[in-house]
Structure formats: C-alpha cells, structure tokens
file target39.cif (mmCIF, C-alpha atoms)
data_my_file
#
loop_
_atom_site.group_PDB
_atom_site.id
_atom_site.type_symbol
_atom_site.label_atom_id
_atom_site.label_comp_id
_atom_site.auth_asym_id
_atom_site.auth_seq_id
_atom_site.Cartn_x
_atom_site.Cartn_y
_atom_site.Cartn_z
ATOM 1 C CA MET A 2 -33.591 102.281 7.619
ATOM 2 C CA SER A 3 -33.747 105.386 9.789
ATOM 3 C CA ASN A 4 -30.812 107.452 10.905
ATOM 4 C CA ARG A 5 -30.219 108.676 14.447
ATOM 5 C CA SER A 6 -31.976 112.014 13.889
ATOM 6 C CA ASP A 7 -35.165 110.170 12.783
ATOM 7 C CA VAL A 8 -35.166 108.135 15.990
ATOM 8 C CA LEU A 9 -34.640 111.203 18.154
ATOM 9 C CA ALA A 10 -37.431 113.035 16.351
ATOM 10 C CA VAL A 11 -40.025 110.465 17.466
ATOM 11 C CA ALA A 12 -38.715 109.768 20.973
ATOM 12 C CA ARG A 13 -40.785 111.539 23.628
ATOM 13 C CA HIS A 14 -40.299 111.854 27.360
ATOM 14 C CA VAL A 15 -42.939 112.460 30.017
ATOM 15 C CA GLY A 16 -41.468 113.696 33.296
ATOM 16 C CA ILE A 17 -42.970 112.546 36.575
ATOM 17 C CA ASP A 18 -44.336 116.031 37.299
ATOM 18 C CA GLU A 19 -45.645 116.737 33.784
ATOM 19 C CA VAL A 20 -48.807 114.632 34.059
ATOM 20 C CA PRO A 21 -50.828 114.884 37.273
ATOM 21 C CA TRP A 22 -52.758 112.201 39.107
ATOM 22 C CA VAL A 23 -56.462 113.072 38.987
ATOM 23 C CA PRO A 24 -59.543 111.390 40.446
ATOM 24 C CA ASN A 25 -61.162 109.170 37.810
ATOM 25 C CA LEU A 26 -64.704 110.452 37.226
ATOM 26 C CA HIS A 27 -65.852 107.060 35.924
ATOM 27 C CA TYR A 28 -64.516 105.004 38.850
ATOM 28 C CA PRO A 29 -64.811 106.898 42.154
ATOM 29 C CA GLY A 30 -62.035 106.053 44.568
ATOM 30 C CA THR A 31 -59.470 105.669 41.799
ATOM 31 C CA GLU A 32 -56.904 108.008 40.313
ATOM 32 C CA LEU A 33 -55.290 108.003 36.907
ATOM 33 C CA ARG A 34 -52.828 109.733 34.720
ATOM 34 C CA MET A 35 -52.631 109.299 30.976
ATOM 35 C CA LEU A 36 -48.995 109.097 29.944
ATOM 36 C CA GLN A 37 -49.441 108.501 26.228
ATOM 37 C CA ALA A 38 -52.362 108.424 23.826
ATOM 38 C CA ASP A 39 -52.059 107.818 20.095
ATOM 39 C CA VAL A 40 -55.614 108.022 18.786
ATOM 40 C CA ASP A 41 -54.588 107.182 15.207
ATOM 41 C CA ALA A 42 -52.760 104.016 16.286
ATOM 42 C CA GLY A 43 -55.409 103.133 18.884
ATOM 43 C CA VAL A 44 -52.994 102.704 21.800
ATOM 44 C CA TYR A 45 -52.663 104.411 25.174
ATOM 45 C CA THR A 46 -50.550 104.113 28.304
ATOM 46 C CA MET A 47 -52.166 104.886 31.630
ATOM 47 C CA ALA A 48 -51.054 104.758 35.245
ATOM 48 C CA GLY A 49 -53.744 103.938 37.768
ATOM 49 C CA ARG A 50 -54.218 103.908 41.521
ATOM 50 C CA MET A 51 -56.970 101.642 42.774
ATOM 51 C CA HIS A 52 -58.241 101.331 46.317
ATOM 52 C CA ALA A 53 -59.357 98.214 48.175
ATOM 53 C CA GLY A 54 -62.764 96.895 47.166
ATOM 54 C CA LEU A 55 -62.790 98.352 43.636
ATOM 55 C CA GLN A 56 -64.417 96.177 40.987
ATOM 56 C CA VAL A 57 -64.300 97.085 37.294
ATOM 57 C CA GLY A 58 -67.112 95.674 35.184
ATOM 58 C CA THR A 59 -66.547 92.559 33.119
ATOM 59 C CA HIS A 60 -64.867 93.539 29.877
ATOM 60 C CA ARG A 61 -63.236 92.193 26.714
ATOM 61 C CA HIS A 62 -60.164 93.685 25.075
ATOM 62 C CA LEU A 63 -60.127 93.652 21.279
ATOM 63 C CA GLY A 64 -56.372 94.301 21.265
ATOM 64 C CA ALA A 65 -53.469 93.238 23.441
ATOM 65 C CA VAL A 66 -52.916 94.670 26.929
ATOM 66 C CA HIS A 67 -49.686 94.827 28.948
ATOM 67 C CA MET A 68 -50.161 95.536 32.658
ATOM 68 C CA PHE A 69 -47.504 96.024 35.321
ATOM 69 C CA THR A 70 -48.397 96.024 39.023
ATOM 70 C CA LEU A 71 -46.202 98.491 40.920
ATOM 71 C CA SER A 72 -47.778 98.221 44.391
ATOM 72 C CA GLY A 73 -50.638 96.481 46.158
ATOM 73 C CA SER A 74 -52.467 93.599 44.504
ATOM 74 C CA TRP A 75 -55.475 92.805 42.343
ATOM 75 C CA VAL A 76 -57.130 89.797 40.739
ATOM 76 C CA TYR A 77 -59.396 88.760 37.919
ATOM 77 C CA LEU A 78 -62.478 87.083 39.343
ATOM 78 C CA GLU A 79 -62.259 84.505 36.538
ATOM 79 C CA HIS A 80 -58.702 83.371 37.443
ATOM 80 C CA ASP A 81 -56.801 82.012 40.446
ATOM 81 C CA PHE A 82 -53.604 84.080 40.120
ATOM 82 C CA VAL A 83 -52.941 87.260 42.110
ATOM 83 C CA ASN A 84 -51.182 90.231 40.537
ATOM 84 C CA ARG A 85 -48.823 91.640 43.175
ATOM 85 C CA ALA A 86 -46.177 94.361 43.145
ATOM 86 C CA GLY A 87 -43.624 93.382 40.509
ATOM 87 C CA SER A 88 -46.090 91.306 38.453
ATOM 88 C CA TYR A 89 -46.531 91.597 34.709
ATOM 89 C CA LEU A 90 -49.719 90.485 32.982
ATOM 90 C CA TYR A 91 -50.293 90.004 29.255
ATOM 91 C CA GLU A 92 -53.876 89.918 28.019
ATOM 92 C CA PRO A 93 -54.321 88.639 24.477
ATOM 93 C CA PRO A 94 -57.000 90.114 22.225
ATOM 94 C CA GLY A 95 -60.383 88.628 23.072
ATOM 95 C CA SER A 96 -59.670 87.994 26.755
ATOM 96 C CA VAL A 97 -62.661 88.549 29.058
ATOM 97 C CA HIS A 98 -62.291 89.338 32.753
ATOM 98 C CA THR A 99 -63.482 91.282 35.792
ATOM 99 C CA LEU A 100 -60.807 93.244 37.677
ATOM 100 C CA TYR A 101 -61.142 93.293 41.463
ATOM 101 C CA VAL A 102 -58.933 94.840 44.144
ATOM 102 C CA PRO A 103 -59.281 92.695 47.288
ATOM 103 C CA ALA A 104 -61.148 94.453 50.087
ATOM 104 C CA ASP A 105 -58.427 93.473 52.560
ATOM 105 C CA ASN A 106 -55.625 95.236 50.645
ATOM 106 C CA THR A 107 -53.733 97.488 53.030
ATOM 107 C CA ALA A 108 -51.869 99.420 50.317
ATOM 108 C CA VAL A 109 -53.146 101.333 47.328
ATOM 109 C CA THR A 110 -52.719 99.261 44.175
ATOM 110 C CA GLU A 111 -50.781 101.110 41.498
ATOM 111 C CA THR A 112 -50.540 99.846 37.920
ATOM 112 C CA LEU A 113 -49.092 100.853 34.580
ATOM 113 C CA THR A 114 -51.099 99.653 31.596
ATOM 114 C CA VAL A 115 -50.587 99.754 27.832
ATOM 115 C CA VAL A 116 -53.833 99.108 25.937
ATOM 116 C CA TYR A 117 -54.173 98.449 22.211
ATOM 117 C CA GLY A 118 -57.577 98.758 20.561
ATOM 118 C CA ARG A 119 -61.075 98.960 21.964
ATOM 119 C CA THR A 120 -62.509 97.550 25.173
ATOM 120 C CA GLU A 121 -66.067 96.235 25.326
ATOM 121 C CA TYR A 122 -67.924 96.193 28.654
ATOM 122 C CA LEU A 123 -70.313 93.287 29.047
ATOM 123 C CA ASP A 124 -73.493 92.589 30.992
ATOM 124 C CA ASP A 125 -74.205 89.307 32.810
ATOM 125 C CA ASP A 126 -75.381 87.731 29.540
ATOM 126 C CA GLY A 127 -72.229 88.767 27.642
ATOM 127 C CA ALA A 128 -73.919 91.519 25.640
ATOM 128 C CA VAL A 129 -71.868 94.673 24.967
ATOM 129 C CA VAL A 130 -73.237 97.570 27.022
ATOM 130 C CA ALA A 131 -70.414 100.097 26.545
ATOM 131 C CA VAL A 132 -67.212 100.542 24.546
ATOM 132 C CA SER A 133 -64.062 102.538 25.269
ATOM 133 C CA ASP A 134 -61.004 103.285 23.163
ATOM 134 C CA THR A 135 -58.001 105.588 23.109
ATOM 135 C CA ALA A 136 -60.027 108.676 22.161
ATOM 136 C CA SER A 137 -62.696 108.121 24.821
ATOM 137 C CA ASN A 138 -60.107 107.415 27.525
ATOM 138 C CA LEU A 139 -58.148 110.529 26.621
ATOM 139 C CA ALA A 140 -61.372 112.570 26.717
ATOM 140 C CA MET A 141 -62.240 111.030 30.106
ATOM 141 C CA PHE A 142 -58.776 111.952 31.425
ATOM 142 C CA TYR A 143 -59.174 115.551 30.229
ATOM 143 C CA GLU A 144 -62.665 115.651 31.772
ATOM 144 C CA SER A 145 -61.195 114.354 35.052
ATOM 145 C CA CYS A 146 -58.471 117.038 34.910
ATOM 146 C CA GLU A 147 -61.086 119.742 34.390
ATOM 147 C CA ALA A 148 -63.217 118.459 37.284
ATOM 148 C CA ALA A 149 -60.130 118.480 39.532
ATOM 149 C CA GLY A 150 -59.189 122.017 38.459
ATOM 150 C CA VAL A 151 -55.976 120.778 36.859
ATOM 151 C CA PRO A 152 -54.831 122.173 33.482
ATOM 152 C CA ARG A 153 -54.589 119.688 30.622
ATOM 153 C CA PRO A 154 -51.071 118.285 30.479
ATOM 154 C CA THR A 155 -49.128 119.066 27.331
ATOM 155 C CA ALA A 156 -46.734 116.124 27.669
ATOM 156 C CA ILE A 157 -49.281 113.514 26.530
ATOM 157 C CA LEU A 158 -48.604 112.137 23.092
ATOM 158 C CA LYS A 159 -51.495 111.942 20.700
#

call {"tool": "encode", "arguments": {"input": "target39.cif", "output": "structure tokens"}}
result
Amino acid sequence: MSNRSDVLAVARHVGIDEVPWVPNLHYPGTELRMLQADVDAGVYTMAGRMHAGLQVGTHRHLGAVHMFTLSGSWVYLEHDFVNRAGSYLYEPPGSVHTLYVPADNTAVTETLTVVYGRTEYLDDDGAVVAVSDTASNLAMFYESCEAAGVPRPTAILK
C-alpha cells in the first residue's frame, strides 16, 4: 500500500500550453500533440485534430484503445455508428478498422486517444505493411515538432 507522498511522486500534469499542436508529418491536414508516452509500458495519450475527408489506413490494435471525440465527427468504414462530439469509443485488442472523417464535416474533428500496445497497418489482403508503437509515435511527434520549428516539449511523460 502506498502513502500519499508515493502517489504525489508519480502524478504528473501537462498544462494546455506545455505541449503544442503540430502538423502531423505522416497525415497531412492533421495536427497532433502527444500528452503522455510511456515507452516501457507501451502506452501513449495523444490529442488529434482531423479535417474533413481524412482516411487513415486500415489497422489492427494489439492492445486496447480508448478514444474520446471532443468536436466534429468520424466513422469506421466497417461500422454503422458515428462518433460525434461527446462520444467515447472502446476498441478491444484485435479490432480492425478504417477511420474516416466524413467529407461533409463542417467542423474540425478533435479527439483524445489512449493507445496500449502496437498498431499494425494492413493492406487490402490483410497483410501487415507497417507497425507503430509508443516509441515510433513519440519519435514522429518530435519529428513533427522539429519540422514545425517548435522545441520538443518537456512535459511529455516517458
């Protein structure tokens, strides 16, 4: 059992101005900010802004995903439901889907996502063509910061 000082020692806060939004180099027309990345535990928390018409390649999560929609809307091409502002989505390990932001969206879609484990990107035949994880996403965020001329944030946990 931990005492109060142990709990306070591991609690971390990221202020709204401590981590910038930067253009995502891998998905033009999107912005991201990495709020937390624990490479050892294989989990990261990322905020994203996605514009109308964006489609992310079909992918499979090897760990659980929690996704909150803060504004706009988006869908999975494989499902009938629409994720709108205020929605929460749980993706169990092994789920396969293709994220799409409807072309007729009038607002930018903003999400907050917590991802556990690796993500495999699949071709039309279901073969793995790329893999991402906490370390690669953190590196991509730092690369995006550098390209935008923004210093690396120090508030990110890793």

call {"tool": "residues_around", "arguments": {"input": "target39.cif", "residues": "segment 114-125 of chain A", "least_positions_apart": "3", "cutoff": "7 Å", "atoms": "all atoms listed in the file", "output": "ChimeraX atom specification"}}
result
/A:43-48,58-69,128-134

call {"tool": "atom_distance", "arguments": {"input": "target39.cif", "atom1": "atom CA of Asp18 of chain A", "atom2": "atom CA of Pro103 of chain A"}}
result
29.5 Å

call {"tool": "residues_around", "arguments": {"input": "target39.cif", "residues": "Thr155 of chain A", "least_positions_apart": "6", "cutoff": "12 Å", "atoms": "only C-alpha atoms", "output": "PyMOL selection string"}}
result
chain A and resi 13-16+18-21+35-38+143

call {"tool": "residues_around", "arguments": {"input": "target39.cif", "residues": "Ala136 of chain A", "least_positions_apart": "4", "cutoff": "9 Å", "atoms": "only C-alpha atoms", "output": "VMD selection string"}}
result
chain A and resid 38 to 41 43 140 to 141

call {"tool": "resolve_selection", "arguments": {"input": "target39.cif", "expression": "the PyMOL selection byres ((chain A and resi 23-28) around 10)", "output": "PyMOL selection string"}}
result
chain A and resi 20-22+29-35+49-51+55-57+141-151

call {"tool": "write_last_selection", "arguments": {"input": "target39.cif", "atoms": "C-alpha atoms", "output": "compact mmCIF listing (two decimals), in the frame of the given file"}}
result
# COMPACT_ATOMS: atom_id res chain seq x y z
CA VAL A 20 -48.81 114.63 34.06
CA PRO A 21 -50.83 114.88 37.27
CA TRP A 22 -52.76 112.20 39.11
CA PRO A 29 -64.81 106.90 42.15
CA GLY A 30 -62.04 106.05 44.57
CA THR A 31 -59.47 105.67 41.80
CA GLU A 32 -56.90 108.01 40.31
CA LEU A 33 -55.29 108.00 36.91
CA ARG A 34 -52.83 109.73 34.72
CA MET A 35 -52.63 109.30 30.98
CA GLY A 49 -53.74 103.94 37.77
CA ARG A 50 -54.22 103.91 41.52
CA MET A 51 -56.97 101.64 42.77
CA LEU A 55 -62.79 98.35 43.64
CA GLN A 56 -64.42 96.18 40.99
CA VAL A 57 -64.30 97.08 37.29
CA MET A 141 -62.24 111.03 30.11
CA PHE A 142 -58.78 111.95 31.42
CA TYR A 143 -59.17 115.55 30.23
CA GLU A 144 -62.66 115.65 31.77
CA SER A 145 -61.20 114.35 35.05
CA CYS A 146 -58.47 117.04 34.91
CA GLU A 147 -61.09 119.74 34.39
CA ALA A 148 -63.22 118.46 37.28
CA ALA A 149 -60.13 118.48 39.53
CA GLY A 150 -59.19 122.02 38.46
CA VAL A 151 -55.98 120.78 36.86

call {"tool": "residues_around", "arguments": {"input": "target39.cif", "residues": "Gly87 of chain A", "least_positions_apart": "3", "cutoff": "8 Å", "atoms": "all atoms listed in the file", "output": "PyMOL selection string"}}
result
chain A and resi 69-72

call {"tool": "atom_distance", "arguments": {"input": "target39.cif", "atom1": "atom CA of Ser88 of chain A", "atom2": "atom CA of Asp105 of chain A"}}
result
18.9 Å

call {"tool": "atom_distance", "arguments": {"input": "target39.cif", "atom1": "atom CA of Val109 of chain A", "atom2": "atom CA of Pro94 of chain A"}}
result
27.8 Å

call {"tool": "resolve_selection", "arguments": {"input": "target39.cif", "expression": "the PyMOL selection byres ((chain A and resi 85) around 6)", "output": "count of residues only"}}
result
5

call {"tool": "closest_residue", "arguments": {"input": "target39.cif", "among": "A:Thr107, A:Val76, A:Thr135, A:Ile17", "to": "Ala42 of chain A", "atoms": "only C-alpha atoms"}}
result
A:Thr135

call {"tool": "residues_around", "arguments": {"input": "target39.cif", "residues": "Glu79 of chain A", "least_positions_apart": "6", "cutoff": "10 Å", "atoms": "all atoms listed in the file", "output": "JSON, numbers by chain"}}
result
{"A": [59, 97, 98, 99, 100]}
